[in-house]
$ cat protein-v3.cif   # mmCIF, C-alpha atoms
data_target
loop_
_atom_site.label_atom_id
_atom_site.label_comp_id
_atom_site.auth_asym_id
_atom_site.auth_seq_id
_atom_site.Cartn_x
_atom_site.Cartn_y
_atom_site.Cartn_z
CA MET A 9 4.90 3.43 -23.60
CA TYR A 10 2.42 6.16 -22.85
CA ARG A 11 3.02 9.38 -24.77
CA GLY A 12 2.88 12.58 -22.77
CA GLY A 13 0.24 14.43 -20.78
CA GLU A 14 -1.73 13.68 -17.63
CA GLY A 15 -1.93 9.93 -18.35
CA GLN A 16 1.85 9.62 -18.29
CA TRP A 17 2.18 11.67 -15.09
CA ALA A 18 -0.47 9.50 -13.46
CA TRP A 19 1.43 6.39 -14.57
CA ILE A 20 4.81 7.62 -13.25
CA LEU A 21 3.31 8.72 -9.93
CA HIS A 22 1.43 5.41 -9.64
CA ARG A 23 4.69 3.44 -10.03
CA PHE A 24 6.74 5.54 -7.60
CA THR A 25 4.04 5.74 -4.91
CA GLY A 26 3.41 1.98 -5.26
CA LEU A 27 7.09 1.13 -4.82
CA GLY A 28 7.40 3.54 -1.87
CA VAL A 29 4.35 2.14 -0.09
CA LEU A 30 5.60 -1.44 -0.67
CA LEU A 31 8.99 -0.53 0.85
CA PHE A 32 7.23 0.82 3.94
CA LEU A 33 4.93 -2.23 4.08
CA VAL A 34 7.94 -4.58 4.36
CA ILE A 35 9.51 -2.35 7.06
CA HIS A 36 6.16 -2.19 8.88
CA ILE A 37 5.72 -5.99 8.87
CA LEU A 38 9.22 -6.33 10.37
CA ASP A 39 8.70 -3.57 13.00
CA THR A 40 5.41 -5.17 14.05
CA PHE A 41 7.13 -8.57 14.31
CA VAL A 42 9.43 -7.05 16.97
CA ILE A 43 6.45 -7.33 19.35
CA VAL A 44 7.33 -11.02 19.87
CA PHE A 45 10.53 -9.86 21.69
CA GLY A 46 8.47 -8.19 24.44
CA PRO A 47 7.32 -4.74 25.55
CA GLU A 48 10.74 -3.09 26.16
CA THR A 49 12.09 -3.89 22.69
CA TYR A 50 8.82 -3.12 20.89
CA ASP A 51 8.32 0.22 22.64
CA LYS A 52 11.91 1.21 21.84
CA VAL A 53 11.29 0.57 18.12
CA MET A 54 7.90 2.37 18.18
CA ALA A 55 9.57 5.41 19.81
CA LEU A 56 11.54 5.88 16.56
CA TYR A 57 8.30 6.79 14.76
CA ARG A 58 7.82 9.74 17.15
CA HIS A 59 10.98 11.45 15.89
CA PRO A 60 10.09 14.62 13.92
CA LEU A 61 11.81 13.20 10.83
CA PHE A 62 9.51 10.15 10.90
CA ARG A 63 6.46 12.32 11.54
CA VAL A 64 7.15 14.17 8.30
CA SER A 65 7.76 10.83 6.51
CA GLU A 66 4.43 9.64 7.93
CA VAL A 67 2.68 12.47 6.08
CA GLY A 68 4.61 11.54 2.91
CA LEU A 69 3.48 7.93 3.30
CA ALA A 70 -0.15 9.02 3.72
CA ALA A 71 0.15 11.15 0.56
CA ALA A 72 1.62 8.21 -1.41
CA VAL A 73 -1.10 5.81 -0.22
CA LEU A 74 -3.89 8.30 -0.94
CA PHE A 75 -2.70 9.15 -4.46
CA HIS A 76 -2.10 5.46 -5.31
CA ALA A 77 -5.58 4.52 -4.00
CA LEU A 78 -7.43 7.29 -5.88
CA ASN A 79 -5.51 6.84 -9.14
CA GLY A 80 -5.98 3.04 -8.85
CA ILE A 81 -9.75 3.61 -8.71
CA ARG A 82 -9.42 5.85 -11.81
CA ILE A 83 -7.54 3.10 -13.70
CA THR A 84 -10.08 0.46 -12.60
CA ILE A 85 -13.11 2.57 -13.63
CA LEU A 86 -11.60 3.35 -17.04
CA ASP A 87 -10.62 -0.32 -17.57
CA PHE A 88 -14.14 -1.58 -16.94
CA PHE A 89 -15.91 1.33 -18.67
CA PRO A 90 -13.77 1.89 -21.79
CA GLU A 91 -16.48 4.18 -23.22
CA TRP A 92 -15.27 6.81 -20.68
CA SER A 93 -11.60 6.56 -21.65
CA GLY A 94 -11.90 9.76 -23.72
CA ARG A 95 -12.38 11.51 -20.38
CA GLN A 96 -9.30 10.07 -18.67
CA ARG A 97 -7.91 13.61 -18.27
CA GLN A 98 -11.02 14.79 -16.37
CA PHE A 99 -10.75 11.66 -14.20
CA PHE A 100 -7.14 12.60 -13.44
CA TYR A 101 -8.16 16.11 -12.34
CA GLY A 102 -10.88 14.49 -10.23
CA VAL A 103 -8.16 12.39 -8.53
CA VAL A 104 -6.10 15.54 -7.87
CA ALA A 105 -9.14 17.39 -6.46
CA VAL A 106 -10.16 14.57 -4.07
CA PHE A 107 -6.51 14.13 -3.09
CA VAL A 108 -6.18 17.79 -2.04
CA LEU A 109 -9.53 17.75 -0.20
CA VAL A 110 -8.58 14.68 1.88
CA PHE A 111 -4.84 15.25 2.21
CA VAL A 112 -4.74 18.85 3.48
CA PRO A 113 -6.88 18.34 6.63
CA SER A 114 -5.25 14.92 7.29
CA ALA A 115 -1.74 16.38 7.09
CA TYR A 116 -2.82 19.14 9.50
CA VAL A 117 -4.05 16.56 12.05
CA MET A 118 -0.85 14.46 11.71
CA LEU A 119 1.57 17.40 12.01
CA LYS A 120 -0.31 19.25 14.78
CA PRO A 121 1.55 17.44 17.64
CA LEU A 122 4.85 18.78 16.24
CA PHE A 123 3.93 22.40 16.93
CA MET B 27 7.21 -2.42 -22.67
CA ALA B 28 3.59 -3.14 -23.48
CA GLU B 29 1.21 -0.42 -24.65
CA LEU B 30 -0.72 1.13 -21.78
CA SER B 31 -4.44 1.84 -21.58
CA ALA B 32 -5.72 5.42 -21.78
CA ALA B 33 -5.67 5.66 -17.97
CA GLY B 34 -2.03 4.57 -17.84
CA GLY B 35 -2.57 0.98 -16.70
CA HIS B 36 -1.60 -2.30 -18.30
CA PRO B 37 -4.25 -3.38 -20.83
CA ARG B 38 -6.37 -6.40 -19.89
CA PRO B 39 -4.44 -9.61 -20.76
CA THR B 40 -6.48 -12.01 -22.85
CA SER B 41 -6.17 -15.17 -20.73
CA GLY B 42 -4.24 -17.26 -18.23
CA VAL B 43 -2.36 -16.31 -15.07
CA GLU B 44 -1.74 -12.76 -16.28
CA LEU B 45 -5.48 -12.17 -16.71
CA TYR B 46 -6.12 -13.32 -13.11
CA ALA B 47 -3.22 -11.19 -11.84
CA TRP B 48 -4.64 -8.19 -13.72
CA LEU B 49 -8.12 -8.79 -12.25
CA PHE B 50 -6.66 -9.37 -8.77
CA MET B 51 -4.89 -5.98 -8.83
CA ARG B 52 -8.19 -4.21 -9.52
CA VAL B 53 -10.41 -6.20 -7.13
CA SER B 54 -7.85 -6.15 -4.27
CA GLY B 55 -7.23 -2.46 -5.02
CA VAL B 56 -10.88 -1.61 -4.34
CA ALA B 57 -10.84 -3.66 -1.10
CA LEU B 58 -7.53 -2.07 -0.05
CA LEU B 59 -8.96 1.42 -0.61
CA PHE B 60 -11.23 0.78 2.39
CA LEU B 61 -8.84 -1.39 4.44
CA VAL B 62 -5.77 0.85 4.09
CA LEU B 63 -7.51 4.22 4.36
CA GLY B 64 -9.46 2.82 7.35
CA HIS B 65 -6.20 1.66 8.97
CA LEU B 66 -4.56 5.07 8.36
CA ALA B 67 -7.60 6.95 9.71
CA ILE B 68 -7.66 4.81 12.89
CA MET B 69 -3.90 4.81 13.55
CA HIS B 70 -2.92 8.30 12.39
CA LEU B 71 -6.01 10.53 12.68
CA ILE B 72 -8.13 9.06 15.52
CA HIS B 73 -5.05 7.74 17.38
CA ASN B 74 -1.49 8.75 16.58
CA VAL B 75 2.07 7.45 16.88
CA ASP B 76 2.34 8.91 20.43
CA GLU B 77 -0.21 6.37 21.65
CA ILE B 78 0.89 3.26 19.76
CA ASP B 79 2.96 0.97 21.99
CA PHE B 80 2.95 -2.60 23.30
CA SER B 81 -0.14 -2.18 25.51
CA PHE B 82 -2.05 -0.45 22.67
CA VAL B 83 -1.46 -3.43 20.35
CA VAL B 84 -2.27 -5.99 23.07
CA ALA B 85 -5.58 -4.23 23.86
CA ARG B 86 -6.44 -4.06 20.15
CA PHE B 87 -5.59 -7.72 19.55
CA GLU B 88 -8.00 -8.82 22.31
CA ASN B 89 -10.73 -8.35 19.72
CA PRO B 90 -10.48 -11.13 17.10
CA LEU B 91 -12.25 -8.88 14.58
CA TRP B 92 -9.28 -6.48 14.58
CA ARG B 93 -6.97 -9.46 14.06
CA MET B 94 -9.08 -10.50 11.04
CA TYR B 95 -9.09 -6.92 9.74
CA ASP B 96 -5.30 -6.71 10.06
CA TRP B 97 -4.81 -10.12 8.44
CA PHE B 98 -6.89 -9.24 5.37
CA LEU B 99 -5.02 -5.95 5.16
CA LEU B 100 -1.65 -7.72 5.46
CA MET B 101 -2.45 -10.44 2.93
CA LEU B 102 -4.05 -8.23 0.27
CA ALA B 103 -1.49 -5.40 0.60
CA LEU B 104 1.47 -7.78 0.47
CA VAL B 105 0.25 -9.74 -2.56
CA HIS B 106 -0.93 -6.55 -4.34
CA GLY B 107 2.41 -4.81 -3.68
CA MET B 108 4.62 -7.75 -4.56
CA ASN B 109 2.65 -8.47 -7.75
CA GLY B 110 3.05 -4.80 -8.65
CA LEU B 111 6.82 -5.10 -8.15
CA ARG B 112 6.81 -8.28 -10.27
CA VAL B 113 5.13 -6.34 -13.10
CA VAL B 114 7.71 -3.55 -12.77
CA VAL B 115 10.59 -6.08 -12.81
CA ASP B 116 9.10 -7.72 -15.93
CA ASP B 117 8.74 -4.31 -17.61
CA TYR B 118 12.38 -3.33 -17.19
CA LEU B 119 14.30 -6.60 -16.90
CA GLN B 120 12.59 -8.68 -19.59
CA ARG B 121 15.88 -9.85 -21.10
CA SER B 122 18.20 -9.54 -18.13
CA GLY B 123 19.89 -12.59 -16.64
CA TRP B 124 19.09 -11.10 -13.23
CA ARG B 125 15.35 -11.41 -13.83
CA ILE B 126 14.91 -14.96 -12.46
CA LEU B 127 17.19 -14.31 -9.48
CA ILE B 128 15.32 -11.09 -8.59
CA LEU B 129 11.93 -12.80 -8.94
CA VAL B 130 13.04 -15.70 -6.71
CA GLY B 131 14.25 -13.18 -4.11
CA LEU B 132 10.95 -11.33 -4.36
CA TYR B 133 8.90 -14.49 -3.81
CA ALA B 134 11.12 -15.52 -0.88
CA LEU B 135 10.71 -12.08 0.75
CA THR B 136 6.94 -12.29 0.20
CA LEU B 137 6.84 -15.69 1.94
CA VAL B 138 8.93 -14.45 4.90
CA CYS B 139 6.74 -11.34 5.31
CA PHE B 140 3.55 -13.35 4.96
CA THR B 141 4.66 -15.91 7.58
CA ALA B 142 6.01 -13.36 10.08
CA GLY B 143 2.97 -11.10 9.64
CA THR B 144 0.42 -13.89 9.89
CA TYR B 145 2.07 -15.24 13.06
CA VAL B 146 1.91 -11.85 14.83
CA VAL B 147 -1.57 -10.91 13.63
CA LEU B 148 -3.34 -14.27 14.11
CA ALA B 149 -1.33 -16.41 16.56
CA TRP B 150 0.78 -14.21 18.85
CA HIS B 151 -0.35 -13.50 22.43
CA PRO B 152 1.55 -11.55 25.10
CA GLY B 153 3.63 -14.08 27.02
CA SER B 154 3.66 -16.60 24.16
#
$ encode --input "protein-v3.cif" --output "structure tokens"
Amino acid sequence: MYRGGEGQWAWILHRFTGLGVLLFLVIHILDTFVIVFGPETYDKVMALYRHPLFRVSEVGLAAAVLFHALNGIRITILDFFPEWSGRQRQFFYGVVAVFVLVFVPSAYVMLKPLF
Amino acid sequence: MAELSAAGGHPRPTSGVELYAWLFMRVSGVALLFLVLGHLAIMHLIHNVDEIDFSFVVARFENPLWRMYDWFLLMLALVHGMNGLRVVVDDYLQRSGWRILILVGLYALTLVCFTAGTYVVLAWHPGS
């Protein structure tokens, strides 16, 4: 087990975002498969994603993917350059900073059609 | 549960299948950073869910390069995600009798998703 601090938060968030994104991936493979049943059925399923509830979930999905991707890069860098592992906390704040910089404008673009 | 590295990842296994799985997670992770964020940028920032329908997908799939892009994305994301879930199952259900049953279910679901996804992305054409 990891004991306390940023490393543990990063680990917990990495697990939960990974499981969440995987759940959506399975749903997304199935919803895309519906295309074999023709345009009427496929378009009916795609229309579900335009519901405001799904538009907000879409932003949540983007946040989960982005955090998991950035923190995964942090883990990979620290695994292959163990001499930097004393700075894992700074790397975590770097992840948070890049996350905010990319997420805020992206969320604005995705939610704009709702207003 | 095993000790974690300073970054909060599993430490590098010394050899065997687990070493390759560990390496795969990191190499596929770097590739997925570009593939997934590219996919999200195209589908949710440049286009959006208002535009995505049957004719959008058909037009996109006319270009075999997009089919290849989507297939690499599908394959790497599915194996990366399912291997991640396998690691989580092994962390929490090491001694449970459910472990084998859950892992078999997980591999079966992976196979179904891989087959269904590959068919749509590489083989399916409108009217087929």
$ resolve_selection --input "protein-v3.cif" --expression "the PyMOL selection byres ((chain B) within 8 of (chain A))" --output "mmCIF file with C-alpha atoms, keeping the file's coordinate frame"
data_model
loop_
_atom_site.group_PDB
_atom_site.id
_atom_site.type_symbol
_atom_site.label_atom_id
_atom_site.label_comp_id
_atom_site.auth_asym_id
_atom_site.auth_seq_id
_atom_site.Cartn_x
_atom_site.Cartn_y
_atom_site.Cartn_z
ATOM 1 C CA MET B 27 7.210 -2.420 -22.670
ATOM 2 C CA ALA B 28 3.590 -3.140 -23.480
ATOM 3 C CA GLU B 29 1.210 -0.420 -24.650
ATOM 4 C CA LEU B 30 -0.720 1.130 -21.780
ATOM 5 C CA SER B 31 -4.440 1.840 -21.580
ATOM 6 C CA ALA B 32 -5.720 5.420 -21.780
ATOM 7 C CA ALA B 33 -5.670 5.660 -17.970
ATOM 8 C CA GLY B 34 -2.030 4.570 -17.840
ATOM 9 C CA GLY B 35 -2.570 0.980 -16.700
ATOM 10 C CA PRO B 37 -4.250 -3.380 -20.830
ATOM 11 C CA ARG B 38 -6.370 -6.400 -19.890
ATOM 12 C CA ARG B 52 -8.190 -4.210 -9.520
ATOM 13 C CA GLY B 55 -7.230 -2.460 -5.020
ATOM 14 C CA VAL B 56 -10.880 -1.610 -4.340
ATOM 15 C CA LEU B 58 -7.530 -2.070 -0.050
ATOM 16 C CA LEU B 59 -8.960 1.420 -0.610
ATOM 17 C CA LEU B 63 -7.510 4.220 4.360
ATOM 18 C CA LEU B 66 -4.560 5.070 8.360
ATOM 19 C CA HIS B 70 -2.920 8.300 12.390
ATOM 20 C CA LEU B 71 -6.010 10.530 12.680
ATOM 21 C CA ASN B 74 -1.490 8.750 16.580
ATOM 22 C CA VAL B 75 2.070 7.450 16.880
ATOM 23 C CA ASP B 76 2.340 8.910 20.430
ATOM 24 C CA ILE B 78 0.890 3.260 19.760
ATOM 25 C CA ASP B 79 2.960 0.970 21.990
ATOM 26 C CA PHE B 80 2.950 -2.600 23.300
ATOM 27 C CA SER B 81 -0.140 -2.180 25.510
ATOM 28 C CA ALA B 103 -1.490 -5.400 0.600
ATOM 29 C CA LEU B 104 1.470 -7.780 0.470
ATOM 30 C CA GLY B 107 2.410 -4.810 -3.680
ATOM 31 C CA MET B 108 4.620 -7.750 -4.560
ATOM 32 C CA GLY B 110 3.050 -4.800 -8.650
ATOM 33 C CA LEU B 111 6.820 -5.100 -8.150
ATOM 34 C CA CYS B 139 6.740 -11.340 5.310
ATOM 35 C CA ALA B 142 6.010 -13.360 10.080
ATOM 36 C CA GLY B 143 2.970 -11.100 9.640
ATOM 37 C CA VAL B 146 1.910 -11.850 14.830
ATOM 38 C CA TRP B 150 0.780 -14.210 18.850
ATOM 39 C CA PRO B 152 1.550 -11.550 25.100
ATOM 40 C CA SER B 154 3.660 -16.600 24.160
#
$ closest_residue --input "protein-v3.cif" --among "A:Val108, A:Val64, A:Ala72, A:Leu21" --to "Leu122 in chain A" --atoms "only C-alpha atoms"
A:Val64
$ atom_distance --input "protein-v3.cif" --atom1 "CA of Leu49 in chain B" --atom2 "CA of Arg93 in chain B"
26.3 Å
$ atom_distance --input "protein-v3.cif" --atom1 "CA of Ser54 in chain B" --atom2 "CA of Ile72 in chain B"
25.0 Å
$ axis_aligned_box --input "protein-v3.cif" --around "range 109-114 of chain A" --padding-each-side "4 Å" --output "lines of an AutoDock Vina configuration file"
center_x = -7.1
center_y = 16.8
center_z = 3.5
size_x = 12.8
size_y = 12.2
size_z = 15.5
$ atom_distance --input "protein-v3.cif" --atom1 "CA of Phe75 in chain A" --atom2 "CA of Phe107 in chain A"
6.4 Å
$ residues_near_point --input "protein-v3.cif" --point "(-4.7, -12.0, 6.9)" --cutoff "10 Å" --atoms "all atoms listed in the file" --output "ChimeraX atom specification"
/B:93-104,140,143-145,147-148
$ decode --input "protein-v3.cif" --residues "range 70-83 of chain B" --atoms "all heavy atoms" --output "PDB file, in the first residue's frame"
ATOM      1  N   HIS B  70     -15.374  15.585 -30.200  1.00  0.00           N
ATOM      2  CA  HIS B  70     -16.076  16.395 -29.200  1.00  0.00           C
ATOM      3  C   HIS B  70     -15.710  17.867 -29.218  1.00  0.00           C
ATOM      4  O   HIS B  70     -16.410  18.683 -28.617  1.00  0.00           O
ATOM      5  CB  HIS B  70     -15.835  15.826 -27.797  1.00  0.00           C
ATOM      6  CG  HIS B  70     -16.336  14.426 -27.647  1.00  0.00           C
ATOM      7  ND1 HIS B  70     -17.605  14.134 -27.219  1.00  0.00           N
ATOM      8  CD2 HIS B  70     -15.752  13.225 -27.933  1.00  0.00           C
ATOM      9  CE1 HIS B  70     -17.780  12.812 -27.207  1.00  0.00           C
ATOM     10  NE2 HIS B  70     -16.668  12.243 -27.640  1.00  0.00           N
ATOM     11  N   LEU B  71     -14.589  18.241 -29.875  1.00  0.00           N
ATOM     12  CA  LEU B  71     -14.235  19.662 -29.934  1.00  0.00           C
ATOM     13  C   LEU B  71     -14.429  20.197 -31.357  1.00  0.00           C
ATOM     14  O   LEU B  71     -15.094  21.208 -31.567  1.00  0.00           O
ATOM     15  CB  LEU B  71     -12.791  19.885 -29.463  1.00  0.00           C
ATOM     16  CG  LEU B  71     -12.506  19.494 -28.000  1.00  0.00           C
ATOM     17  CD1 LEU B  71     -11.038  19.714 -27.655  1.00  0.00           C
ATOM     18  CD2 LEU B  71     -13.401  20.258 -27.021  1.00  0.00           C
ATOM     19  N   ILE B  72     -13.842  19.481 -32.357  1.00  0.00           N
ATOM     20  CA  ILE B  72     -13.991  19.921 -33.755  1.00  0.00           C
ATOM     21  C   ILE B  72     -15.425  19.624 -34.222  1.00  0.00           C
ATOM     22  O   ILE B  72     -16.127  20.497 -34.707  1.00  0.00           O
ATOM     23  CB  ILE B  72     -12.945  19.228 -34.649  1.00  0.00           C
ATOM     24  CG1 ILE B  72     -11.534  19.623 -34.170  1.00  0.00           C
ATOM     25  CG2 ILE B  72     -13.162  19.600 -36.114  1.00  0.00           C
ATOM     26  CD1 ILE B  72     -10.417  18.840 -34.812  1.00  0.00           C
ATOM     27  N   HIS B  73     -15.845  18.351 -34.068  1.00  0.00           N
ATOM     28  CA  HIS B  73     -17.256  17.999 -34.280  1.00  0.00           C
ATOM     29  C   HIS B  73     -17.893  17.905 -32.897  1.00  0.00           C
ATOM     30  O   HIS B  73     -17.250  18.146 -31.887  1.00  0.00           O
ATOM     31  CB  HIS B  73     -17.359  16.653 -35.007  1.00  0.00           C
ATOM     32  CG  HIS B  73     -16.722  16.678 -36.361  1.00  0.00           C
ATOM     33  ND1 HIS B  73     -17.324  17.257 -37.443  1.00  0.00           N
ATOM     34  CD2 HIS B  73     -15.526  16.213 -36.799  1.00  0.00           C
ATOM     35  CE1 HIS B  73     -16.527  17.144 -38.500  1.00  0.00           C
ATOM     36  NE2 HIS B  73     -15.417  16.521 -38.143  1.00  0.00           N
ATOM     37  N   ASN B  74     -19.178  17.552 -32.844  1.00  0.00           N
ATOM     38  CA  ASN B  74     -19.762  17.275 -31.534  1.00  0.00           C
ATOM     39  C   ASN B  74     -20.917  16.298 -31.703  1.00  0.00           C
ATOM     40  O   ASN B  74     -21.268  15.934 -32.832  1.00  0.00           O
ATOM     41  CB  ASN B  74     -20.191  18.570 -30.820  1.00  0.00           C
ATOM     42  CG  ASN B  74     -21.340  19.243 -31.517  1.00  0.00           C
ATOM     43  OD1 ASN B  74     -22.445  18.722 -31.540  1.00  0.00           O
ATOM     44  ND2 ASN B  74     -21.078  20.406 -32.113  1.00  0.00           N
ATOM     45  N   VAL B  75     -21.496  15.865 -30.570  1.00  0.00           N
ATOM     46  CA  VAL B  75     -22.489  14.786 -30.634  1.00  0.00           C
ATOM     47  C   VAL B  75     -23.732  15.160 -31.450  1.00  0.00           C
ATOM     48  O   VAL B  75     -24.484  14.269 -31.863  1.00  0.00           O
ATOM     49  CB  VAL B  75     -22.909  14.291 -29.217  1.00  0.00           C
ATOM     50  CG1 VAL B  75     -21.789  13.496 -28.571  1.00  0.00           C
ATOM     51  CG2 VAL B  75     -23.360  15.434 -28.336  1.00  0.00           C
ATOM     52  N   ASP B  76     -23.938  16.464 -31.732  1.00  0.00           N
ATOM     53  CA  ASP B  76     -25.071  16.851 -32.591  1.00  0.00           C
ATOM     54  C   ASP B  76     -24.887  16.380 -34.028  1.00  0.00           C
ATOM     55  O   ASP B  76     -25.850  16.170 -34.745  1.00  0.00           O
ATOM     56  CB  ASP B  76     -25.238  18.385 -32.587  1.00  0.00           C
ATOM     57  CG  ASP B  76     -25.791  18.879 -31.263  1.00  0.00           C
ATOM     58  OD1 ASP B  76     -26.667  18.195 -30.699  1.00  0.00           O
ATOM     59  OD2 ASP B  76     -25.345  19.937 -30.792  1.00  0.00           O
ATOM     60  N   GLU B  77     -23.608  16.257 -34.436  1.00  0.00           N
ATOM     61  CA  GLU B  77     -23.323  15.929 -35.837  1.00  0.00           C
ATOM     62  C   GLU B  77     -23.163  14.435 -36.075  1.00  0.00           C
ATOM     63  O   GLU B  77     -23.229  13.980 -37.220  1.00  0.00           O
ATOM     64  CB  GLU B  77     -22.014  16.593 -36.285  1.00  0.00           C
ATOM     65  CG  GLU B  77     -22.010  18.106 -36.200  1.00  0.00           C
ATOM     66  CD  GLU B  77     -20.592  18.633 -36.407  1.00  0.00           C
ATOM     67  OE1 GLU B  77     -19.928  18.216 -37.371  1.00  0.00           O
ATOM     68  OE2 GLU B  77     -20.139  19.440 -35.578  1.00  0.00           O
ATOM     69  N   ILE B  78     -22.875  13.678 -35.007  1.00  0.00           N
ATOM     70  CA  ILE B  78     -22.495  12.279 -35.208  1.00  0.00           C
ATOM     71  C   ILE B  78     -23.741  11.413 -35.379  1.00  0.00           C
ATOM     72  O   ILE B  78     -24.547  11.258 -34.472  1.00  0.00           O
ATOM     73  CB  ILE B  78     -21.608  11.777 -34.047  1.00  0.00           C
ATOM     74  CG1 ILE B  78     -20.323  12.609 -33.999  1.00  0.00           C
ATOM     75  CG2 ILE B  78     -21.280  10.295 -34.225  1.00  0.00           C
ATOM     76  CD1 ILE B  78     -19.524  12.448 -32.730  1.00  0.00           C
ATOM     77  N   ASP B  79     -23.903  10.896 -36.612  1.00  0.00           N
ATOM     78  CA  ASP B  79     -25.011   9.987 -36.915  1.00  0.00           C
ATOM     79  C   ASP B  79     -24.528   8.982 -37.967  1.00  0.00           C
ATOM     80  O   ASP B  79     -23.339   8.943 -38.283  1.00  0.00           O
ATOM     81  CB  ASP B  79     -26.240  10.769 -37.385  1.00  0.00           C
ATOM     82  CG  ASP B  79     -25.965  11.588 -38.645  1.00  0.00           C
ATOM     83  OD1 ASP B  79     -24.863  11.457 -39.215  1.00  0.00           O
ATOM     84  OD2 ASP B  79     -26.861  12.348 -39.049  1.00  0.00           O
ATOM     85  N   PHE B  80     -25.460   8.208 -38.503  1.00  0.00           N
ATOM     86  CA  PHE B  80     -25.124   7.162 -39.462  1.00  0.00           C
ATOM     87  C   PHE B  80     -24.303   7.706 -40.638  1.00  0.00           C
ATOM     88  O   PHE B  80     -23.243   7.165 -40.963  1.00  0.00           O
ATOM     89  CB  PHE B  80     -26.426   6.508 -39.966  1.00  0.00           C
ATOM     90  CG  PHE B  80     -26.213   5.300 -40.822  1.00  0.00           C
ATOM     91  CD1 PHE B  80     -26.024   4.049 -40.254  1.00  0.00           C
ATOM     92  CD2 PHE B  80     -26.211   5.407 -42.211  1.00  0.00           C
ATOM     93  CE1 PHE B  80     -25.831   2.924 -41.045  1.00  0.00           C
ATOM     94  CE2 PHE B  80     -26.010   4.283 -43.007  1.00  0.00           C
ATOM     95  CZ  PHE B  80     -25.830   3.043 -42.422  1.00  0.00           C
ATOM     96  N   SER B  81     -24.772   8.814 -41.252  1.00  0.00           N
ATOM     97  CA  SER B  81     -24.079   9.315 -42.444  1.00  0.00           C
ATOM     98  C   SER B  81     -22.689   9.864 -42.095  1.00  0.00           C
ATOM     99  O   SER B  81     -21.762   9.755 -42.901  1.00  0.00           O
ATOM    100  CB  SER B  81     -24.930  10.374 -43.146  1.00  0.00           C
ATOM    101  OG  SER B  81     -25.301  11.374 -42.242  1.00  0.00           O
ATOM    102  N   PHE B  82     -22.538  10.417 -40.877  1.00  0.00           N
ATOM    103  CA  PHE B  82     -21.224  10.894 -40.432  1.00  0.00           C
ATOM    104  C   PHE B  82     -20.225   9.729 -40.385  1.00  0.00           C
ATOM    105  O   PHE B  82     -19.102   9.828 -40.892  1.00  0.00           O
ATOM    106  CB  PHE B  82     -21.371  11.535 -39.047  1.00  0.00           C
ATOM    107  CG  PHE B  82     -20.078  12.052 -38.458  1.00  0.00           C
ATOM    108  CD1 PHE B  82     -19.716  13.381 -38.616  1.00  0.00           C
ATOM    109  CD2 PHE B  82     -19.229  11.207 -37.735  1.00  0.00           C
ATOM    110  CE1 PHE B  82     -18.526  13.869 -38.071  1.00  0.00           C
ATOM    111  CE2 PHE B  82     -18.042  11.683 -37.198  1.00  0.00           C
ATOM    112  CZ  PHE B  82     -17.688  13.018 -37.365  1.00  0.00           C
ATOM    113  N   VAL B  83     -20.659   8.608 -39.797  1.00  0.00           N
ATOM    114  CA  VAL B  83     -19.766   7.447 -39.659  1.00  0.00           C
ATOM    115  C   VAL B  83     -19.449   6.848 -41.028  1.00  0.00           C
ATOM    116  O   VAL B  83     -18.293   6.505 -41.318  1.00  0.00           O
ATOM    117  CB  VAL B  83     -20.398   6.385 -38.727  1.00  0.00           C
ATOM    118  CG1 VAL B  83     -19.494   5.162 -38.603  1.00  0.00           C
ATOM    119  CG2 VAL B  83     -20.669   6.973 -37.343  1.00  0.00           C
TER     120      VAL B  83
END
